[in-house]
file data.txt (compact mmCIF, C-alpha atoms)
# COMPACT_ATOMS: atom_id res chain seq x y z
CA MET G 1 3.66 -30.56 25.08
CA SER G 2 0.95 -28.06 26.06
CA ASN G 3 -1.60 -26.22 23.99
CA ASP G 4 -2.51 -24.06 26.99
CA TYR G 5 -1.02 -20.59 26.82
CA LEU G 6 -0.96 -20.31 30.62
CA ASN G 7 1.25 -23.41 30.99
CA ILE G 8 4.10 -22.54 28.65
CA ALA G 9 6.12 -20.24 30.96
CA GLY G 10 8.73 -21.24 33.50
CA LYS G 11 9.61 -24.72 32.25
CA SER G 12 13.10 -26.12 32.65
CA ALA G 13 15.38 -26.97 29.73
CA GLY G 14 14.63 -30.65 30.25
CA GLU G 15 10.87 -30.09 30.10
CA VAL G 16 11.22 -27.93 27.01
CA SER G 17 13.41 -30.54 25.32
CA ARG G 18 10.77 -33.23 25.85
CA ASP G 19 8.08 -30.98 24.38
CA ILE G 20 10.29 -30.17 21.37
CA ALA G 21 10.83 -33.86 20.70
CA ALA G 22 7.12 -34.57 21.12
CA PHE G 23 6.12 -31.79 18.73
CA LEU G 24 8.62 -32.78 16.05
CA SER G 25 7.40 -36.37 16.20
CA ILE G 26 3.80 -35.57 15.25
CA THR G 27 2.39 -35.38 11.74
CA CYS G 28 -0.47 -33.33 10.34
CA PRO G 29 -2.19 -35.27 7.55
CA VAL G 30 -4.86 -33.55 5.47
CA HIS G 31 -7.08 -35.26 2.92
CA GLY G 32 -7.68 -33.19 -0.20
CA ARG G 33 -7.35 -34.26 -3.79
CA LYS G 34 -4.53 -36.37 -2.40
CA GLU G 35 -3.38 -37.02 1.14
CA MET G 36 -0.56 -34.76 2.30
CA ASP G 37 1.35 -34.33 5.54
CA LEU G 38 1.88 -30.68 6.48
CA ALA G 39 4.90 -31.70 8.54
CA ASN G 40 6.57 -32.91 5.34
CA LEU G 41 4.95 -30.70 2.73
CA LEU G 42 7.93 -30.95 0.34
CA PRO G 43 11.51 -32.16 0.76
CA GLU G 44 12.61 -28.52 0.72
CA LEU G 45 9.63 -27.22 2.75
CA ASN G 46 9.05 -29.06 6.02
CA MET G 47 8.39 -28.54 9.71
CA LYS G 48 11.81 -29.71 10.93
CA GLU G 49 13.50 -26.88 9.04
CA GLN G 50 10.71 -24.46 9.95
CA PHE G 51 10.96 -25.25 13.67
CA SER G 52 14.77 -25.15 13.61
CA PHE G 53 14.84 -21.74 11.94
CA ALA G 54 12.22 -20.29 14.30
CA LEU G 55 13.98 -21.57 17.44
CA MET G 56 17.36 -20.21 16.37
CA MET G 57 15.79 -16.84 15.51
CA GLU G 58 14.03 -16.85 18.87
CA ALA G 59 17.37 -17.45 20.59
CA LYS G 60 18.81 -14.47 18.72
CA ALA G 61 15.82 -12.31 19.67
CA GLN G 62 16.25 -13.25 23.35
CA GLY G 63 19.93 -12.30 23.36
CA TRP G 64 21.53 -15.74 23.38
CA GLU G 65 25.18 -15.93 22.36
CA PRO G 66 25.33 -17.68 18.95
CA SER G 67 27.55 -20.46 20.32
CA ALA G 68 25.19 -21.10 23.25
CA ALA G 69 22.16 -21.16 20.94
CA GLU G 70 23.91 -23.66 18.68
CA GLN G 71 24.81 -25.89 21.64
CA PHE G 72 21.22 -25.85 22.91
CA TYR G 73 19.99 -26.77 19.45
CA ARG G 74 22.51 -29.58 19.10
CA ARG G 75 21.66 -30.98 22.52
CA PHE G 76 17.88 -30.81 22.36
CA CYS G 77 16.81 -30.49 18.68
CA LEU G 78 19.34 -32.28 16.53
CA PRO G 79 18.32 -35.79 17.70
CA ALA G 80 14.74 -35.17 16.50
CA VAL G 81 15.74 -33.26 13.37
CA GLY G 82 18.74 -35.18 12.10
CA ALA G 83 22.14 -33.99 10.98
CA GLU G 84 21.13 -33.81 7.32
CA ILE G 85 18.77 -30.94 8.16
CA ALA G 86 20.59 -29.49 11.17
CA GLU G 87 24.13 -29.00 9.83
CA PRO G 88 23.29 -26.86 6.74
CA LEU G 89 20.94 -24.71 8.81
CA LEU G 90 23.52 -24.15 11.58
CA ALA G 91 26.11 -23.27 8.94
CA ALA G 92 23.72 -20.67 7.50
CA PHE G 93 23.23 -19.07 10.93
CA ARG G 94 27.00 -18.69 11.27
CA ASN G 95 26.87 -16.49 8.15
CA PRO G 96 23.61 -14.49 8.48
CA THR G 97 24.45 -12.26 5.50
CA GLY G 98 25.06 -15.17 3.17
CA GLU G 99 22.83 -16.46 0.40
CA GLU G 100 21.93 -19.69 2.20
CA PHE G 101 20.62 -17.82 5.23
CA LEU G 102 18.49 -15.58 3.01
CA ILE G 103 16.97 -18.68 1.38
CA TYR G 104 16.05 -20.08 4.79
CA GLN G 105 14.61 -16.71 5.80
CA THR G 106 12.45 -16.53 2.68
CA LYS G 107 11.01 -19.99 3.30
CA TYR G 108 10.78 -19.97 7.09
CA GLY G 109 10.91 -16.34 8.32
CA CYS G 110 8.11 -14.84 10.42
CA GLU G 111 7.04 -12.30 7.81
CA PHE G 112 5.15 -13.93 4.96
CA GLN G 113 2.25 -12.93 2.74
CA LEU G 114 -0.48 -14.66 0.81
CA ASP G 115 1.51 -14.74 -2.44
CA SER G 116 4.93 -15.64 -0.98
CA ARG G 117 6.53 -19.07 -1.22
CA ALA G 118 6.94 -19.64 2.50
CA TYR G 119 6.17 -22.74 4.52
CA TRP G 120 3.14 -21.52 6.46
CA ASN G 121 1.20 -19.90 3.63
CA SER G 122 1.90 -23.04 1.53
CA CYS G 123 0.37 -25.08 4.34
CA LEU G 124 -2.60 -22.73 4.34
CA ALA G 125 -3.14 -23.23 0.60
CA VAL G 126 -3.08 -27.02 1.02
CA ALA G 127 -5.41 -26.92 4.04
CA MET G 128 -7.89 -24.69 2.23
CA ASP G 129 -7.94 -27.07 -0.72
CA ALA G 130 -8.57 -29.99 1.67
CA ASN G 131 -11.10 -28.07 3.81
CA ALA G 132 -8.80 -28.75 6.78
CA ILE G 133 -8.27 -25.32 8.30
CA PRO G 134 -9.02 -26.54 11.90
CA SER G 135 -6.27 -29.18 11.64
CA LEU G 136 -3.84 -26.59 10.31
CA MET G 137 -4.63 -24.14 13.11
CA ASP G 138 -4.15 -26.82 15.80
CA TYR G 139 -0.77 -27.67 14.28
CA PHE G 140 0.17 -23.99 14.02
CA ARG G 141 -0.82 -23.40 17.65
CA SER G 142 1.38 -26.29 18.81
CA PHE G 143 4.29 -24.82 16.84
CA LEU G 144 3.81 -21.40 18.43
CA PHE G 145 3.53 -22.69 21.97
CA THR G 146 6.52 -25.02 21.71
CA VAL G 147 8.83 -22.21 20.54
CA MET G 148 7.34 -19.89 23.16
CA GLU G 149 8.20 -22.45 25.86
CA PHE G 150 11.82 -21.96 24.83
CA ALA G 151 11.46 -18.16 24.96
CA TYR G 152 9.96 -18.31 28.49
CA MET G 153 12.22 -21.14 29.69
CA ASP G 154 13.67 -20.99 33.24
CA ASN G 155 11.29 -18.21 34.30
CA ARG G 156 12.40 -15.79 31.60
CA ASN G 157 9.92 -12.99 30.94
CA PRO G 158 10.76 -11.38 27.58
CA ASP G 159 9.08 -8.16 26.47
CA SER G 160 8.43 -9.71 23.05
CA VAL G 161 8.99 -13.01 21.27
CA TYR G 162 10.03 -13.58 17.69
CA VAL G 163 7.67 -16.48 17.11
CA TRP G 164 4.58 -14.37 17.80
CA LYS G 165 5.22 -12.55 14.52
CA TYR G 166 4.23 -15.77 12.72
CA TYR G 167 0.80 -15.38 14.24
CA GLU G 168 0.61 -11.76 13.11
CA SER G 169 1.51 -12.73 9.53
CA PHE G 170 -1.01 -15.58 9.62
CA GLN G 171 -3.72 -13.30 10.97
CA GLN G 172 -3.07 -10.73 8.23
CA ILE G 173 -3.48 -13.40 5.54
CA LEU G 174 -6.71 -14.68 7.06
CA GLU G 175 -8.09 -11.15 7.27
CA GLU G 176 -7.18 -10.61 3.62
CA LEU G 177 -8.93 -13.82 2.61
CA THR G 178 -12.10 -13.01 4.57
CA ARG G 179 -12.22 -9.32 3.67
CA PRO G 180 -15.28 -8.50 1.54
CA GLN G 181 -14.46 -8.08 -2.12
CA VAL G 182 -14.33 -4.44 -3.16
CA THR G 183 -15.83 -3.46 -6.50
CA ILE G 184 -13.73 -0.76 -8.10
CA GLN G 185 -15.79 1.90 -9.83
CA PRO G 186 -14.43 3.94 -12.73
CA PRO G 187 -13.89 7.69 -12.29
CA LYS G 188 -16.82 9.87 -13.26
CA VAL G 189 -17.25 13.29 -14.83
CA ARG G 190 -19.54 15.01 -12.36
CA SER G 191 -19.90 18.45 -13.95
CA LEU G 192 -18.25 20.73 -16.50
CA GLY G 193 -18.47 24.23 -17.87
CA GLY G 194 -16.56 26.93 -19.64
CA SER G 195 -16.43 30.45 -21.01
CA ALA G 196 -15.01 31.91 -24.22
CA GLY G 197 -12.99 35.07 -24.49
CA LYS G 198 -13.07 37.63 -27.27
CA ARG G 199 -12.07 36.42 -30.72
CA ASP G 200 -9.03 37.93 -32.41
CA ALA G 201 -7.27 37.14 -35.66
CA ASP G 202 -5.83 33.91 -34.28
CA GLY G 203 -9.00 32.63 -32.62
CA TYR G 204 -10.19 32.93 -29.04
CA LEU G 205 -9.38 31.64 -25.56
CA LEU G 206 -11.63 29.01 -24.02
CA ALA G 207 -11.44 28.42 -20.27
CA LEU G 208 -12.78 25.04 -19.17
CA GLY G 209 -13.42 23.30 -15.89
CA VAL G 210 -14.27 19.65 -15.31
CA ASP G 211 -15.07 18.06 -11.95
CA ILE G 212 -13.82 14.47 -11.91
CA GLN G 213 -14.88 12.16 -9.11
CA ASN G 214 -13.02 9.11 -7.84
CA PRO G 215 -15.90 7.32 -6.04
CA ASN G 216 -13.78 4.58 -4.47
CA PRO G 217 -13.36 5.10 -0.72
CA GLY G 218 -10.37 2.78 -0.36
CA HIS G 219 -8.44 3.31 -3.59
CA MET G 220 -6.52 6.16 -5.16
CA ALA G 221 -6.93 6.56 -8.92
CA THR G 222 -3.66 7.07 -10.82
CA ASN G 223 -2.50 7.78 -14.36
CA LEU G 224 -5.85 9.13 -15.52
CA GLN G 225 -6.49 10.07 -19.14
CA VAL G 226 -8.80 13.04 -19.62
CA ASP G 227 -10.37 13.66 -23.03
CA ILE G 228 -12.46 16.80 -23.63
CA THR G 229 -14.29 16.95 -26.96
CA LEU G 230 -15.34 20.32 -28.35
CA LYS G 231 -17.97 20.49 -31.10
CA ASP G 232 -19.62 23.30 -33.04
CA LYS G 233 -23.37 23.80 -33.31
CA GLU G 234 -23.57 21.35 -36.21
CA GLY G 235 -21.93 18.60 -34.16
CA LYS G 236 -18.61 18.70 -35.95
CA VAL G 237 -15.55 18.12 -33.78
CA ILE G 238 -13.43 21.24 -33.48
CA THR G 239 -10.73 19.61 -31.36
CA VAL G 240 -10.14 17.05 -28.63
CA ILE G 241 -8.09 18.07 -25.61
CA ALA G 242 -6.17 15.00 -24.44
CA ASP G 243 -4.67 15.56 -21.00
CA GLN G 244 -3.70 13.54 -17.96
CA ILE G 245 -3.92 13.61 -14.17
CA LEU G 246 -1.32 11.74 -12.14
CA ALA G 247 -3.46 10.96 -9.09
CA ILE G 248 -6.87 11.57 -7.52
CA ASP G 249 -7.37 10.75 -3.86
CA ALA G 250 -9.81 8.08 -2.76
CA ASP G 251 -13.41 9.28 -2.44
CA SER G 252 -12.71 12.79 -3.68
CA VAL G 253 -13.40 15.23 -6.50
CA PHE G 254 -10.63 16.72 -8.63
CA HIS G 255 -11.26 20.26 -9.90
CA TYR G 256 -9.60 20.04 -13.31
CA GLY G 257 -9.03 23.26 -15.24
CA ILE G 258 -7.49 24.20 -18.57
CA THR G 259 -7.38 27.19 -20.94
CA ARG G 260 -6.82 26.62 -24.64
CA LYS G 261 -6.59 28.76 -27.77
CA ILE G 262 -9.38 27.67 -30.14
CA ARG G 263 -9.15 28.19 -33.86
CA GLY G 264 -12.29 27.57 -35.88
CA ASN G 265 -15.99 27.72 -35.22
CA PRO G 266 -17.45 28.71 -31.85
CA VAL G 267 -17.76 25.86 -29.39
CA ALA G 268 -21.38 24.86 -28.86
CA HIS G 269 -21.04 21.46 -27.17
CA ILE G 270 -18.53 20.25 -24.57
CA SER G 271 -18.21 16.66 -23.39
CA ALA G 272 -15.56 14.91 -21.33
CA SER G 273 -14.50 11.38 -20.48
CA VAL G 274 -11.90 9.99 -18.11
CA LYS G 275 -10.18 6.65 -17.62
CA ALA G 276 -7.90 5.56 -14.79
CA GLY G 277 -4.80 3.53 -15.54
CA GLN G 278 -4.62 1.99 -12.08
CA PHE G 279 -6.26 1.99 -8.65
CA LEU G 280 -4.02 1.71 -5.60
CA PRO G 281 -5.19 0.81 -2.07
CA ALA G 282 -5.20 3.95 0.06
CA LYS G 283 -6.13 4.23 3.73
CA GLU G 284 -6.21 8.02 3.67
CA GLN G 285 -6.15 10.98 1.31
CA VAL G 286 -2.64 12.23 0.59
CA MET G 287 -2.96 14.82 -2.20
CA LYS G 288 -4.29 17.68 -0.10
CA GLY G 289 -1.07 18.64 1.68
CA LEU G 290 -0.29 21.37 -0.85
CA LYS G 291 -2.70 24.18 -0.08
CA MET G 292 -3.58 27.52 -1.65
CA THR G 293 -4.39 30.23 0.87
CA LYS G 294 -5.22 33.94 0.70
CA ILE G 295 -7.14 33.34 -2.52
CA SER G 296 -8.56 36.47 -4.18
CA ILE G 297 -9.45 37.98 -7.55
CA ASN G 298 -7.86 41.30 -8.40
CA ARG G 299 -10.51 43.08 -10.46
CA ASN G 300 -8.49 46.29 -10.72
CA THR G 301 -6.34 44.92 -13.52
CA GLN G 302 -7.12 44.04 -17.12
CA PRO G 303 -7.24 41.17 -17.50
CA GLU G 304 -8.19 40.30 -13.95
CA GLN G 305 -5.80 38.25 -11.82
CA LEU G 306 -6.14 35.25 -9.57
CA LEU G 307 -3.93 35.65 -6.49
CA GLY G 308 -2.96 33.24 -3.76
CA VAL G 309 -0.19 31.69 -1.69
CA LEU G 310 0.86 28.07 -2.19
CA LYS G 311 2.02 26.34 0.98
CA ASN G 312 3.67 22.92 1.13
CA THR G 313 2.55 21.28 4.39
CA TYR G 314 4.30 17.98 3.62
CA ALA G 315 7.46 16.86 5.39
CA GLN G 316 9.10 16.49 1.95
CA ALA G 317 9.93 18.99 -0.74
CA LEU G 318 7.94 18.84 -3.97
CA LYS G 319 10.00 18.93 -7.16
CA SER G 320 7.13 19.80 -9.51
CA PHE G 321 3.35 19.94 -9.46
CA ALA G 322 0.33 21.24 -11.34
CA LEU G 323 -2.20 23.61 -9.82
CA HIS G 324 -5.66 23.25 -11.39
CA TYR G 325 -8.24 25.91 -10.57
CA GLN G 326 -11.82 26.77 -11.46
CA TYR G 327 -13.96 29.91 -11.31
CA LEU G 328 -17.49 29.37 -9.96
CA THR G 329 -20.64 31.44 -9.69
CA ALA G 330 -22.52 31.81 -6.43
CA GLU G 331 -24.63 28.83 -7.57
CA ASN G 332 -21.44 26.72 -8.10
CA LYS G 333 -21.70 26.82 -11.88
CA ILE G 334 -18.30 26.34 -13.49
CA LEU G 335 -17.35 29.41 -15.52
CA GLY G 336 -13.94 28.13 -16.57
CA GLY G 337 -10.55 27.24 -15.26
CA GLY G 338 -6.88 26.86 -15.90
CA CYS G 339 -3.76 24.96 -14.95
CA GLU G 340 -0.29 26.16 -14.01
CA TRP G 341 2.71 23.86 -13.74
CA VAL G 342 5.36 24.72 -11.17
CA PHE G 343 8.83 23.28 -11.78
CA ASP G 344 10.65 25.12 -9.01
CA LEU G 345 11.43 23.09 -5.90
CA LEU G 346 8.98 23.93 -3.12
CA PRO G 347 10.64 22.90 0.15
CA ALA G 348 8.83 21.30 3.07
CA ASN G 349 6.72 23.93 4.86
CA GLY G 350 7.71 26.39 2.14
CA GLU G 351 5.47 29.01 0.54
CA LYS G 352 5.21 30.48 -2.95
CA GLN G 353 3.24 33.46 -4.23
CA PHE G 354 0.85 32.57 -7.03
CA THR G 355 -0.43 35.04 -9.64
CA VAL G 356 -2.11 34.20 -12.94
CA LYS G 357 -3.99 36.31 -15.47
CA ALA G 358 -7.61 35.34 -15.94
CA PRO G 359 -8.22 34.15 -19.50
CA VAL G 360 -11.84 35.36 -19.59
CA SER G 361 -13.97 37.89 -17.78
CA LEU G 362 -14.64 36.99 -14.15
CA LYS G 363 -17.47 39.42 -13.43
CA LYS G 364 -19.77 36.57 -12.35
CA ALA G 365 -17.11 34.60 -10.45
CA THR G 366 -17.57 34.55 -6.69
CA LYS G 367 -15.68 31.36 -5.74
CA ILE G 368 -12.40 29.67 -6.53
CA VAL G 369 -11.81 25.93 -6.13
CA TYR G 370 -8.57 24.13 -6.89
CA SER G 371 -6.82 20.78 -6.93
CA VAL G 372 -3.12 19.93 -6.98
CA ASP G 373 -1.59 17.15 -9.05
CA PHE G 374 1.83 15.54 -8.63
CA ASP G 375 3.38 12.10 -8.40
CA PRO G 376 2.45 10.75 -4.94
CA LYS G 377 5.61 8.60 -4.96
CA GLU G 378 7.49 11.83 -4.16
CA LEU G 379 6.07 11.61 -0.64
CA LYS G 380 7.81 8.28 0.11
call {"tool": "encode", "arguments": {"input": "data.txt", "output": "structure tokens"}}
result
Amino acid sequence: MSNDYLNIAGKSAGEVSRDIAAFLSITCPVHGRKEMDLANLLPELNMKEQFSFALMMEAKAQGWEPSAAEQFYRRFCLPAVGAEIAEPLLAAFRNPTGEEFLIYQTKYGCEFQLDSRAYWNSCLAVAMDANAIPSLMDYFRSFLFTVMEFAYMDNRNPDSVYVWKYYESFQQILEELTRPQVTIQPPKVRSLGGSAGKRDADGYLLALGVDIQNPNPGHMATNLQVDITLKDKEGKVITVIADQILAIDADSVFHYGITRKIRGNPVAHISASVKAGQFLPAKEQVMKGLKMTKISINRNTQPEQLLGVLKNTYAQALKSFALHYQYLTAENKILGGGCEWVFDLLPANGEKQFTVKAPVSLKKATKIVYSVDFDPKELK
């Protein structure tokens, strides 16, 4: 049995069989709160089953006929494994869609994660508790190389090997364990502003804009609750606008806008707060694929109009979405904003004309900013 990667290729079946027997004869004791043998972790979680499953899957990956793979296993593995372990496993491989095979795959397959109940990550948990990671890695390396000897047996030169995926799963877990802990920061209200329209018998329109920042570079904020409190000059609450945002991209600012009819005293004080229901890991920003182009303000109408073209640059259609927009001065002061929900299907690469009446005078507005809100699960 070799632990040298350069010496595993080109061995004969006889040489490989001796190395299989040698590997399956070794133990891997670790001394933690109690002594345990990784080769026999539990009666239902042990190396003989793990090795048997991996070798049979490797045979399948290398194009062996099922009957030939079973005969090889019987000739060279069964004596070291024993019929009590070998026969149920071989029966499961004859019915790869059956429940028994799926149980074996869950325990011994090459794709496992930190929180799964598989053999190798269970070994890792025990080795970490016993401070015996080097012993585990030596044992894991011997497992890999012994199965790889079978894959490269008789001068075979496969393009890929099944057993190497165990290493990739192991590496992913170790990277996860050693990755620096990320402190999630709550979303922040960065700035706000608004403008009131003329009062009539029913009250007056108030256009508001709130910039909400998700400061987390690696996490999308979802299911956000936005509360905007409006008070009069005496500090009495006129109303609280309770709204929501489905998602804000990682490390980005959402330009929230809303227009409401206000009944009561003039608004003298505006404050806003925001809470996120969840933060999801995100490698990139995904909410900017719906774009508004050809943005302009038509000042020749009363009231003025905001014009633009919405373009869906995603590969999927969007069933519904909300367009939030804000009016800014040349100094980037928020004059107000609004929100329009679109419930018509916007196909992939489709366009839609957008026109909305301005709720307040836009004489000082020189810029338009916007953000789009929808359920990001629609993109899956």
call {"tool": "closest_residue", "arguments": {"input": "data.txt", "among": "G:Tyr167, G:Tyr370, G:Tyr314, G:Phe72", "to": "Gly338 of chain G", "atoms": "all atoms listed in the file"}}
result
G:Tyr370
call {"tool": "atom_distance", "arguments": {"input": "data.txt", "atom1": "atom CA of Ser273 of chain G", "atom2": "atom CA of Asp227 of chain G"}}
result
5.4 Å
call {"tool": "residues_around", "arguments": {"input": "data.txt", "residues": "Phe143 of chain G", "least_positions_apart": "2", "cutoff": "10 Å", "atoms": "all atoms listed in the file", "output": "VMD selection string"}}
result
chain G and resid 3 20 23 to 24 47 50 to 51 54 137 to 141 145 to 148 163 166
call {"tool": "residues_around", "arguments": {"input": "data.txt", "residues": "segment 293-296 of chain G", "least_positions_apart": "4", "cutoff": "8 Å", "atoms": "all atoms listed in the file", "output": "list of chain:residue names"}}
result
G:Leu306, G:Leu307, G:Gly308, G:Val309, G:Leu310, G:Lys311, G:Ile368
call {"tool": "closest_residue", "arguments": {"input": "data.txt", "among": "G:Leu206, G:Ala268, G:Met292, G:Ile334", "to": "Pro359 of chain G", "atoms": "all atoms listed in the file"}}
result
G:Leu206
call {"tool": "residues_around", "arguments": {"input": "data.txt", "residues": "Ile133 of chain G", "least_positions_apart": "6", "cutoff": "10 Å", "atoms": "only C-alpha atoms", "output": "PyMOL selection string"}}
result
chain G and resi 30+123-127+139
call {"tool": "residues_near_point", "arguments": {"input": "data.txt", "point": "(-17.8, 1.9, -14.2)", "cutoff": "12 Å", "atoms": "only C-alpha atoms", "output": "list in words"}}
result
Thr183, Ile184, Gln185, Pro186, Pro187, Lys188, Val189, Gln213, Asn214, Pro215, Asn216, Ser273, Val274, Lys275 and Ala276 of chain G
call {"tool": "write_last_selection", "arguments": {"input": "data.txt", "atoms": "C-alpha atoms", "output": "tab-separated table (two decimals), in the frame of the given file"}}
result
chain	number	residue	atom	x	y	z
G	183	THR	CA	-15.83	-3.46	-6.50
G	184	ILE	CA	-13.73	-0.76	-8.10
G	185	GLN	CA	-15.79	1.90	-9.83
G	186	PRO	CA	-14.43	3.94	-12.73
G	187	PRO	CA	-13.89	7.69	-12.29
G	188	LYS	CA	-16.82	9.87	-13.26
G	189	VAL	CA	-17.25	13.29	-14.83
G	213	GLN	CA	-14.88	12.16	-9.11
G	214	ASN	CA	-13.02	9.11	-7.84
G	215	PRO	CA	-15.90	7.32	-6.04
G	216	ASN	CA	-13.78	4.58	-4.47
G	273	SER	CA	-14.50	11.38	-20.48
G	274	VAL	CA	-11.90	9.99	-18.11
G	275	LYS	CA	-10.18	6.65	-17.62
G	276	ALA	CA	-7.90	5.56	-14.79
call {"tool": "atom_distance", "arguments": {"input": "data.txt", "atom1": "atom CA of Asp154 of chain G", "atom2": "atom CA of Gln171 of chain G"}}
result
29.3 Å
call {"tool": "closest_residue", "arguments": {"input": "data.txt", "among": "G:Lys367, G:Lys377, G:Lys283, G:Lys107", "to": "Ser122 of chain G", "atoms": "only C-alpha atoms"}}
result
G:Lys107
